[in-house]
Amino acid sequence: MTAQAILHWGLLAAHGLLGIGLVFAAARLIRGPRAQDRVLAFDAVYLNAALQVVVFGMRAGQSGYLEAALVMTLLGFAGSSALAKFLMRGEVIE
Amino acid sequence: MTPFVAVIVVLLALFGAALAAVGSYGLLRLRSFYERAHPATLAATLGATSILLAAILFYSVSAGRFLPKALLLIVFIPLVNPVTTMLLARAALSRDRARRRPTAVVEGSAEAEWLREADELVRAQAEAARQQAIVDDETAPAVATDRSEGEA
């Protein structure tokens with residue numbers, strides 16, 4: 001078995017596992033039951049998606065995907081901390 | 001790239017992806033919000049670190065020199081994700097404390113179930129505190145009095 005084949009199938013399996021995690025987190029995002037559960041699920045969704053992008057970059061062999069994952073985590077952090085602030089105070093910027 | 005390095009990269013990536021899947025399954029399965037706050041960090045810390053270590057190894061070996069671009073993400077994700085989780089937990093706590101209006105709750109809904117669980121938790125905590133106070137009252141004099149003096 002060549003290194004290319006090992007990388008191809010192994011990273012494909014990692015894609016599948018991350019996709020399963022994405023489905024579970026999306027189910028929690030839909031089910032709720034309260035707003036904080038949805039924000040927590042949103043956190044898990046964007047993190048899983050960023051890791052998917054990293055794994056995809058490894059399959060494509062280009063390191064530019066790491067910057068895309070970094071931007072995703074940055075925007076996700078901004079979004080979920082703004083949502084947490086909103087849940088705590090009722091407004092984002094006081 | 002030799003097959004040995006490829007196997008290490010794939011094992012690291014699979015380990016991280018499996019942790020992310022397990023964490024999301026916990027998010028779906030556990031019952032209350034405060035329980036669900038814990039498995040979400042599984043993917044953020046060890047899972048992300050493992051996948052990004054695989055990325056560092058992969059890009060370094062395929063470029064022939066050390067390429068630590070993923071180190072930025074290794075530092076960033078485990079640093080930032082617990083912060084959001086903590087902010088969210090504090091927001092949930094303050095929302096739960098502010099929520100004392102039982103009129104708007106529909107009987108038999110998920111909200112009513114949740115409120116019942118929260119009340120049970122509060123009652124169990126009060127009971128535990130009471131038991132602890134009884135135990136403290138019983139042990140306190142025994143510790144205070146010197147037994148050897150009494151026997152002599």
# chains A, B, ... in the order shown; residues from 1 in each chain; ligands from 1
>>> interface_residues(of="chain A", to="chain B", cutoff="6 Å", atoms="only C-alpha atoms", output="VMD selection string")
chain A and resid 3 7 10 14 17 to 18 21 24 to 25 28 81 84 87 to 88
>>> select_by_dssp(residues="chain B", states="alpha helix (DSSP H)", output="count of residues only")
118
>>> closest_residue(among="A:Leu11, A:Ala82, A:Leu22, A:Leu51", to="Tyr65 in chain A", atoms="only C-alpha atoms")
A:Leu51
>>> atom_distance(atom1="CA of Val45 in chain A", atom2="CA of Ile74 in chain B")
18.0 Å
>>> decode(residues="range 24-61 of chain B", atoms="N, CA and C atoms", output="PDB file, in the first residue's frame")
ATOM      1  N   SER B  24     -19.469  15.515  19.873  1.00  0.00           N
ATOM      2  CA  SER B  24     -20.762  15.944  19.338  1.00  0.00           C
ATOM      3  C   SER B  24     -21.865  14.973  19.736  1.00  0.00           C
ATOM      4  N   TYR B  25     -21.520  13.667  19.840  1.00  0.00           N
ATOM      5  CA  TYR B  25     -22.515  12.696  20.286  1.00  0.00           C
ATOM      6  C   TYR B  25     -22.922  12.980  21.726  1.00  0.00           C
ATOM      7  N   GLY B  26     -21.926  13.363  22.565  1.00  0.00           N
ATOM      8  CA  GLY B  26     -22.248  13.738  23.941  1.00  0.00           C
ATOM      9  C   GLY B  26     -23.140  14.958  23.981  1.00  0.00           C
ATOM     10  N   LEU B  27     -22.875  15.904  23.091  1.00  0.00           N
ATOM     11  CA  LEU B  27     -23.703  17.115  22.998  1.00  0.00           C
ATOM     12  C   LEU B  27     -25.152  16.753  22.699  1.00  0.00           C
ATOM     13  N   LEU B  28     -25.331  15.727  21.874  1.00  0.00           N
ATOM     14  CA  LEU B  28     -26.694  15.312  21.519  1.00  0.00           C
ATOM     15  C   LEU B  28     -27.324  14.511  22.632  1.00  0.00           C
ATOM     16  N   ARG B  29     -26.530  13.737  23.367  1.00  0.00           N
ATOM     17  CA  ARG B  29     -27.092  12.726  24.241  1.00  0.00           C
ATOM     18  C   ARG B  29     -27.350  13.204  25.672  1.00  0.00           C
ATOM     19  N   LEU B  30     -26.455  14.045  26.231  1.00  0.00           N
ATOM     20  CA  LEU B  30     -26.588  14.393  27.650  1.00  0.00           C
ATOM     21  C   LEU B  30     -27.838  15.224  27.880  1.00  0.00           C
ATOM     22  N   ARG B  31     -28.295  15.273  29.164  1.00  0.00           N
ATOM     23  CA  ARG B  31     -29.654  15.726  29.412  1.00  0.00           C
ATOM     24  C   ARG B  31     -29.790  17.215  29.679  1.00  0.00           C
ATOM     25  N   SER B  32     -28.926  17.788  30.519  1.00  0.00           N
ATOM     26  CA  SER B  32     -29.117  19.208  30.844  1.00  0.00           C
ATOM     27  C   SER B  32     -28.024  20.051  30.187  1.00  0.00           C
ATOM     28  N   PHE B  33     -28.253  21.354  30.153  1.00  0.00           N
ATOM     29  CA  PHE B  33     -27.279  22.231  29.492  1.00  0.00           C
ATOM     30  C   PHE B  33     -25.920  22.164  30.161  1.00  0.00           C
ATOM     31  N   TYR B  34     -25.917  22.101  31.508  1.00  0.00           N
ATOM     32  CA  TYR B  34     -24.634  22.151  32.219  1.00  0.00           C
ATOM     33  C   TYR B  34     -23.840  20.870  32.011  1.00  0.00           C
ATOM     34  N   GLU B  35     -24.529  19.761  31.738  1.00  0.00           N
ATOM     35  CA  GLU B  35     -23.814  18.547  31.353  1.00  0.00           C
ATOM     36  C   GLU B  35     -23.288  18.666  29.935  1.00  0.00           C
ATOM     37  N   ARG B  36     -24.093  19.271  29.050  1.00  0.00           N
ATOM     38  CA  ARG B  36     -23.709  19.360  27.632  1.00  0.00           C
ATOM     39  C   ARG B  36     -22.552  20.316  27.413  1.00  0.00           C
ATOM     40  N   ALA B  37     -22.280  21.211  28.400  1.00  0.00           N
ATOM     41  CA  ALA B  37     -21.161  22.138  28.222  1.00  0.00           C
ATOM     42  C   ALA B  37     -19.829  21.392  28.237  1.00  0.00           C
ATOM     43  N   HIS B  38     -19.792  20.199  28.838  1.00  0.00           N
ATOM     44  CA  HIS B  38     -18.503  19.499  28.975  1.00  0.00           C
ATOM     45  C   HIS B  38     -18.028  18.796  27.696  1.00  0.00           C
ATOM     46  N   PRO B  39     -18.840  17.944  27.031  1.00  0.00           N
ATOM     47  CA  PRO B  39     -18.288  17.219  25.881  1.00  0.00           C
ATOM     48  C   PRO B  39     -17.920  18.113  24.706  1.00  0.00           C
ATOM     49  N   ALA B  40     -18.478  19.343  24.662  1.00  0.00           N
ATOM     50  CA  ALA B  40     -18.151  20.233  23.545  1.00  0.00           C
ATOM     51  C   ALA B  40     -16.676  20.619  23.563  1.00  0.00           C
ATOM     52  N   THR B  41     -16.048  20.608  24.755  1.00  0.00           N
ATOM     53  CA  THR B  41     -14.644  20.993  24.832  1.00  0.00           C
ATOM     54  C   THR B  41     -13.711  19.876  24.381  1.00  0.00           C
ATOM     55  N   LEU B  42     -14.251  18.648  24.266  1.00  0.00           N
ATOM     56  CA  LEU B  42     -13.425  17.513  23.850  1.00  0.00           C
ATOM     57  C   LEU B  42     -12.829  17.751  22.462  1.00  0.00           C
ATOM     58  N   ALA B  43     -13.695  18.170  21.529  1.00  0.00           N
ATOM     59  CA  ALA B  43     -13.237  18.431  20.171  1.00  0.00           C
ATOM     60  C   ALA B  43     -12.347  19.669  20.129  1.00  0.00           C
ATOM     61  N   ALA B  44     -12.635  20.646  20.986  1.00  0.00           N
ATOM     62  CA  ALA B  44     -11.917  21.921  20.905  1.00  0.00           C
ATOM     63  C   ALA B  44     -10.478  21.801  21.371  1.00  0.00           C
ATOM     64  N   THR B  45     -10.212  20.949  22.354  1.00  0.00           N
ATOM     65  CA  THR B  45      -8.856  20.899  22.899  1.00  0.00           C
ATOM     66  C   THR B  45      -8.045  19.756  22.281  1.00  0.00           C
ATOM     67  N   LEU B  46      -8.314  18.517  22.715  1.00  0.00           N
ATOM     68  CA  LEU B  46      -7.467  17.409  22.251  1.00  0.00           C
ATOM     69  C   LEU B  46      -7.727  17.062  20.785  1.00  0.00           C
ATOM     70  N   GLY B  47      -9.006  17.116  20.368  1.00  0.00           N
ATOM     71  CA  GLY B  47      -9.326  16.757  18.987  1.00  0.00           C
ATOM     72  C   GLY B  47      -8.680  17.696  17.991  1.00  0.00           C
ATOM     73  N   ALA B  48      -8.854  19.018  18.207  1.00  0.00           N
ATOM     74  CA  ALA B  48      -8.293  20.001  17.280  1.00  0.00           C
ATOM     75  C   ALA B  48      -6.769  19.942  17.290  1.00  0.00           C
ATOM     76  N   THR B  49      -6.176  19.801  18.496  1.00  0.00           N
ATOM     77  CA  THR B  49      -4.719  19.738  18.590  1.00  0.00           C
ATOM     78  C   THR B  49      -4.168  18.555  17.818  1.00  0.00           C
ATOM     79  N   SER B  50      -4.835  17.401  17.930  1.00  0.00           N
ATOM     80  CA  SER B  50      -4.358  16.202  17.252  1.00  0.00           C
ATOM     81  C   SER B  50      -4.427  16.353  15.734  1.00  0.00           C
ATOM     82  N   ILE B  51      -5.561  16.874  15.231  1.00  0.00           N
ATOM     83  CA  ILE B  51      -5.695  17.060  13.783  1.00  0.00           C
ATOM     84  C   ILE B  51      -4.674  18.070  13.266  1.00  0.00           C
ATOM     85  N   LEU B  52      -4.436  19.137  14.036  1.00  0.00           N
ATOM     86  CA  LEU B  52      -3.498  20.161  13.575  1.00  0.00           C
ATOM     87  C   LEU B  52      -2.054  19.687  13.670  1.00  0.00           C
ATOM     88  N   LEU B  53      -1.754  18.797  14.643  1.00  0.00           N
ATOM     89  CA  LEU B  53      -0.418  18.185  14.662  1.00  0.00           C
ATOM     90  C   LEU B  53      -0.214  17.338  13.401  1.00  0.00           C
ATOM     91  N   ALA B  54      -1.266  16.619  13.008  1.00  0.00           N
ATOM     92  CA  ALA B  54      -1.186  15.858  11.760  1.00  0.00           C
ATOM     93  C   ALA B  54      -0.917  16.792  10.579  1.00  0.00           C
ATOM     94  N   ALA B  55      -1.571  17.982  10.590  1.00  0.00           N
ATOM     95  CA  ALA B  55      -1.373  18.933   9.495  1.00  0.00           C
ATOM     96  C   ALA B  55       0.064  19.447   9.464  1.00  0.00           C
ATOM     97  N   ILE B  56       0.618  19.784  10.661  1.00  0.00           N
ATOM     98  CA  ILE B  56       2.012  20.254  10.720  1.00  0.00           C
ATOM     99  C   ILE B  56       2.946  19.200  10.150  1.00  0.00           C
ATOM    100  N   LEU B  57       2.746  17.938  10.602  1.00  0.00           N
ATOM    101  CA  LEU B  57       3.615  16.849  10.131  1.00  0.00           C
ATOM    102  C   LEU B  57       3.504  16.686   8.615  1.00  0.00           C
ATOM    103  N   PHE B  58       2.244  16.709   8.124  1.00  0.00           N
ATOM    104  CA  PHE B  58       2.018  16.504   6.688  1.00  0.00           C
ATOM    105  C   PHE B  58       2.690  17.590   5.858  1.00  0.00           C
ATOM    106  N   TYR B  59       2.425  18.861   6.192  1.00  0.00           N
ATOM    107  CA  TYR B  59       2.964  19.948   5.378  1.00  0.00           C
ATOM    108  C   TYR B  59       4.487  20.041   5.503  1.00  0.00           C
ATOM    109  N   SER B  60       5.019  19.768   6.727  1.00  0.00           N
ATOM    110  CA  SER B  60       6.473  19.833   6.896  1.00  0.00           C
ATOM    111  C   SER B  60       7.166  18.766   6.066  1.00  0.00           C
ATOM    112  N   VAL B  61       6.605  17.525   6.097  1.00  0.00           N
ATOM    113  CA  VAL B  61       7.257  16.441   5.358  1.00  0.00           C
ATOM    114  C   VAL B  61       7.135  16.661   3.858  1.00  0.00           C
TER     115      VAL B  61
END
